[in-house]
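Trainee: One structure, pasted below without further comment.
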Amino acid sequence: MGRKKSRGRKIKERIRPKKVQANAPKQEAKHELKISAIGEGTVIDHIPSDATFKVAEILDLAHHNGVVSIATNLGSRRMGKKGIVKVGGKSLTQEEVNKIAIVAPDATVNLIKDFNVKEKAKVKLPEVVNNVVRCSNPVCITNSEQVPTRFYVLKKDPLKIKCHYCERSIGKDEIEIV
Amino acid sequence: MDFKNKDIISINDFSREELLHILKVTNQIEQKPKGNLLKGKILAALFFEPSTRTRLSFTSAMEQLGGQVIGFANAESTSVQKGESLWDTVKMTDRYSDIIVIRHPLEGSARLAAEAASVPVINAGDGSNQHPTQTMLDLYTIQKTKGKLDNLHVGFVGDLKYGRTVHSLAIALSHFNPTFYFIAPDALQMPEGYLDELYRKKVKYFKTSDLNRFGRELDVLYVSRIQKERFPDLLEYERFKDVYHVNNSFLQNVKKELKIMHALPRVGEIDRSVDSTPHAVYFEQAANGIPVRKALLALALGKLK
């Protein structure tokens, strides 16, 4: 039990600044609030900072009834800056994981049970992305007919995908989630 | 190689071997016309956008092979005006015909039509995206007039930004170790995406805005019209519409065997005086639409292998 609890705290530790000023207790309290642990749910970590709110949008968190914590521009040794999204009372479907992979290809998805990480997985960008991205070509048939979109991943970094229908290649910055 | 029931949607779907096979069958059908090969077969020609050459040559090809043609030449007289979706129009047509030819202003429409239909679908142009039968007749014209497809020096001049025939032909020729010369003002140059693809395929290419610069290098010059309808900004169109003019003075400094191609219609980009020179092959190119489309109809309907 004790060991499990310490694993739960580990996530907090990682994003706490290395040097905490002795005379700055207020700041630390704010930091704790920002990253408070969740009992049951999902933590999505290693999101590029500029994609943090995109992840919240993909998961439609504006309409989620449980606890939601969103933190962005957090220091990260690997990424420079990163975002974290914690969603209480929710586990992700494969479709949601695929959608997240489009905007955050290096994200990790942690399933939390009893304040502990029960499962940890990296998102994986599929080779074919079905019904996740809207085609940025205004004259693509998918923007006129009711048809699920389909894209082929041409390049993972930086992300480049190609529409199955109009054959237009679109880059990371043009990607709009359905 | 079996093309029965194969959809013809994008030049990107065809390998070098498949393209060569289509050209071989085209040549056979041109040498020995087969009058009743498609007797009893019905072609549905769904032209949601105006077309002269493509629609007439598909109709002529089908009728010369003994088949029949139904369909429409514009969307105004159809249920599309009542709001019917493309999917539903194709689903319905699928039951009335053995093969569908579609032209539609929206990109990707032919791919969607092929998914809706159980019969083979041939793309006769989906907006600025693809027009594969035009590319096949362009390849056939080059093969016929130059005697080969491999190792040619091919220039493209005019609107290389919006010109789908240019994009598709460049991709198709990339199977045949070409050298390309892209001749256009910077604003109308080949899109980066296509240049990236050519680079990946190790195709050698040069870019210039000067028509005369590589004149002596060229085996083929593919002239494209500056297409008014593709320009989002009419002022931009006015700036570029007369930028190139292929005329007799240009022909003073080219190889004797240079062939000049154009998908037509032309506006002012090729002088009429060029028509009577041995360089001009654009009317022959338009005529090649018939044997190529005959071959594709017969292959897709499984009547030729």
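Labels used: A, B, ... for chains in the order of the structure tokens, numbers from 1 for residues in each chain, and numbers from 1 for ligands as shown.
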As a PyMOL selection string, could you give me every residue of chain A near chain B (at most 8 Å apart, counting only C-alpha atoms)?
Mentor: chain A and resi 139-142+145+164-167+169
Trainee: From the DSSP assignment of the backbone, select every residue of segment 60-182 of chain B that is alpha helix (DSSP H), and format the answer as a PyMOL selection string.
Mentor: chain B and resi 60-64+86-96+109-116+132-146+164-173
Trainee: Take the residues from that selection and put them in a file with C-alpha atoms, as a CSV table (one decimal), in the first residue's frame.
Mentor:
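Output saved as selection25.csv:
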```csv
chain,number,residue,atom,x,y,z
B,60,SER,CA,-17.5,8.3,-79.2
B,61,ALA,CA,-15.2,5.6,-77.8
B,62,MET,CA,-18.1,3.7,-76.2
B,63,GLU,CA,-20.3,4.0,-79.3
B,64,GLN,CA,-17.5,2.9,-81.6
B,86,LEU,CA,-23.3,12.6,-54.9
B,87,TRP,CA,-23.3,9.3,-53.0
B,88,ASP,CA,-27.0,8.8,-53.7
B,89,THR,CA,-26.7,9.9,-57.4
B,90,VAL,CA,-24.0,7.3,-57.9
B,91,LYS,CA,-25.8,4.6,-56.0
B,92,MET,CA,-28.8,5.0,-58.2
B,93,THR,CA,-26.7,5.2,-61.4
B,94,ASP,CA,-24.9,2.0,-60.4
B,95,ARG,CA,-28.0,0.0,-61.0
B,96,TYR,CA,-28.6,1.5,-64.5
B,109,SER,CA,-15.5,13.2,-55.7
B,110,ALA,CA,-14.4,10.4,-58.1
B,111,ARG,CA,-12.8,8.4,-55.2
B,112,LEU,CA,-16.1,8.7,-53.2
B,113,ALA,CA,-18.1,7.7,-56.3
B,114,ALA,CA,-16.0,4.6,-56.7
B,115,GLU,CA,-16.7,3.7,-53.1
B,116,ALA,CA,-20.5,4.1,-53.7
B,132,PRO,CA,-6.0,10.2,-65.2
B,133,THR,CA,-7.3,9.4,-68.7
B,134,GLN,CA,-5.8,12.7,-69.9
B,135,THR,CA,-2.5,11.7,-68.5
B,136,MET,CA,-2.7,8.3,-70.1
B,137,LEU,CA,-3.4,9.9,-73.5
B,138,ASP,CA,-0.5,12.3,-72.9
B,139,LEU,CA,1.8,9.3,-72.2
B,140,TYR,CA,0.4,7.6,-75.3
B,141,THR,CA,1.1,10.7,-77.4
B,142,ILE,CA,4.7,10.9,-76.2
B,143,GLN,CA,5.3,7.2,-76.8
B,144,LYS,CA,3.8,7.4,-80.3
B,145,THR,CA,5.6,10.6,-81.4
B,146,LYS,CA,8.9,10.1,-79.7
B,164,ARG,CA,-3.6,19.3,-62.9
B,165,THR,CA,-2.5,17.8,-66.3
B,166,VAL,CA,1.0,19.0,-65.6
B,167,HIS,CA,1.1,17.5,-62.1
B,168,SER,CA,-0.3,14.2,-63.2
B,169,LEU,CA,2.0,13.9,-66.2
B,170,ALA,CA,5.1,14.7,-64.2
B,171,ILE,CA,4.2,12.0,-61.7
B,172,ALA,CA,3.4,9.5,-64.4
B,173,LEU,CA,6.6,10.2,-66.3
```
Trainee: Do you have the atom CA of Arg103 of chain B-atom CA of Leu188 of chain B distance handy?
Mentor: 24.8 Å
Trainee: Find the distance between atom CA of Pro232 of chain B and atom CA of Tyr162 of chain B and write it in Å to one decimal.
Mentor: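 So the two atoms, atom CA of Pro232 of chain B and atom CA of Tyr162 of chain B, lie 10.7 Å apart.
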Trainee: Skipping near chain neighbours, those fewer than 5 positions away, what residues fall within 8 Å of Ala56 of chain A using only C-alpha atoms, listed as a list in words?
Mentor: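 Selected residues are Leu61, Ala62, Ile70 and Val85 of chain A.
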Trainee: The selected residues should be written to file as a CSV table (one decimal), in the first residue's frame (atoms: C-alpha atoms).
Mentor:
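And here's out.csv as it stands now:
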```csv
chain,number,residue,atom,x,y,z
A,61,LEU,CA,-13.6,18.3,-21.5
A,62,ALA,CA,-15.7,21.4,-21.5
A,70,ILE,CA,-5.1,21.2,-17.3
A,85,VAL,CA,-4.3,16.9,-18.8
```
Trainee: For segment 236-242 of chain B, list every protein, DNA or RNA residue within 10 Å, evaluated using only C-alpha atoms, and leave out those in the same chain fewer than 2 positions away; present the list as a PyMOL selection string.
Mentor: chain B and resi 158-159+184-185+187-188+225-234+244-245+267-269
Trainee: Just the strand (DSSP E) stuff from segment 50-286 of chain B, please, per backbone DSSP, written as number ranges by chain.
Mentor: B: 68-72, 99-104, 121-126, 153-157, 179-183, 204-208, 220-223, 259-262
Trainee: Find the spatial neighbours of Ile170 of chain A, counting only C-alpha atoms, within a cut-off of 12 Å - ignore same-chain residues fewer than 4 positions away - and output them as a list in words.
Mentor: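 Near neighbours after the sequence-gap exclusion: Val133, Arg134, Cys135, Ser136, Asn137, Phe151, Tyr152, Val153, Leu154, Lys155, Pro158, Leu159, Lys160, Ile161, Lys162, Cys163, His164, Cys166, Glu174, Ile175 and Glu176 of chain A; Gly193 of chain B.
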Trainee: With only C-alpha atoms as the counted atoms, please give the residues lying no more than 7 Å from Val281 of chain B, apart from itself and same-chain residues fewer than 3 positions off, as a list in words.
Mentor: Lys259, Ile260, Met261, Glu284 and Gln285 of chain B
Trainee: For the selection just defined, write its residues with N, CA and C atoms to a file, as a PDB file, in the first residue's frame.
Mentor:
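Result saved to selection.pdb:
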```pdb
ATOM      1  N   LYS B 259       8.713  17.920 -79.746  1.00  0.00           N
ATOM      2  CA  LYS B 259       7.263  17.822 -79.931  1.00  0.00           C
ATOM      3  C   LYS B 259       6.578  18.752 -78.930  1.00  0.00           C
ATOM      4  N   ILE B 260       5.621  19.509 -79.430  1.00  0.00           N
ATOM      5  CA  ILE B 260       4.894  20.446 -78.563  1.00  0.00           C
ATOM      6  C   ILE B 260       3.497  19.898 -78.302  1.00  0.00           C
ATOM      7  N   MET B 261       3.186  19.781 -77.013  1.00  0.00           N
ATOM      8  CA  MET B 261       1.882  19.218 -76.614  1.00  0.00           C
ATOM      9  C   MET B 261       1.067  20.267 -75.865  1.00  0.00           C
ATOM     10  N   GLU B 284      -3.234  15.778 -82.626  1.00  0.00           N
ATOM     11  CA  GLU B 284      -3.070  14.317 -82.583  1.00  0.00           C
ATOM     12  C   GLU B 284      -3.284  13.820 -81.149  1.00  0.00           C
ATOM     13  N   GLN B 285      -2.759  14.611 -80.207  1.00  0.00           N
ATOM     14  CA  GLN B 285      -2.919  14.308 -78.778  1.00  0.00           C
ATOM     15  C   GLN B 285      -4.410  14.225 -78.415  1.00  0.00           C
TER      16      GLN B 285
END
```
Trainee: Which residues are close to segment 47-54 of chain A, i.e. within 6 Å by only C-alpha atoms, leaving aside same-chain residues fewer than 4 positions away? Reply as a PyMOL selection string.
Mentor: chain A and resi 72-73+81-83+104+107
Trainee: Rank B:Ile122, B:Ile42, B:Leu56, B:Ile102 by their smallest atom-to-atom distance to Ala75 of chain B, using only C-alpha atoms, and report the top residue only.
Mentor: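 Ranking B:Ile122, B:Ile42, B:Leu56, B:Ile102 by distance to Ala75 of chain B, first place goes to B:Ile102.
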Trainee: For each of A:Val132, A:Ile102, A:Lys90, A:Val68, take the minimum atom-to-atom distance to Gly171 of chain A, counting only C-alpha atoms, then give the residue where this is smallest.
Mentor: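 So, comparing all the options, the nearest one is A:Ile102.
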Trainee: Record the distance separating atom CA of Tyr194 of chain B and atom CA of Glu18 of chain B, expressed in Å with one decimal.
Mentor: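 Pair atom CA of Tyr194 of chain B / atom CA of Glu18 of chain B returns 21.5 Å.
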Trainee: Restricting the calculation to only C-alpha atoms, which member of B:Asn248, B:His153, B:Val254, B:Phe3 is positioned closest to Ser276 of chain B?
Mentor: B:Asn248
Trainee: Hey, which of B:Asn123, B:Ser273, B:Gln68, B:Ser249 ends up closest to Ala44 of chain B? Count only C-alpha atoms.
Mentor: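 Closest to Ala44 of chain B of all the choices is B:Gln68.
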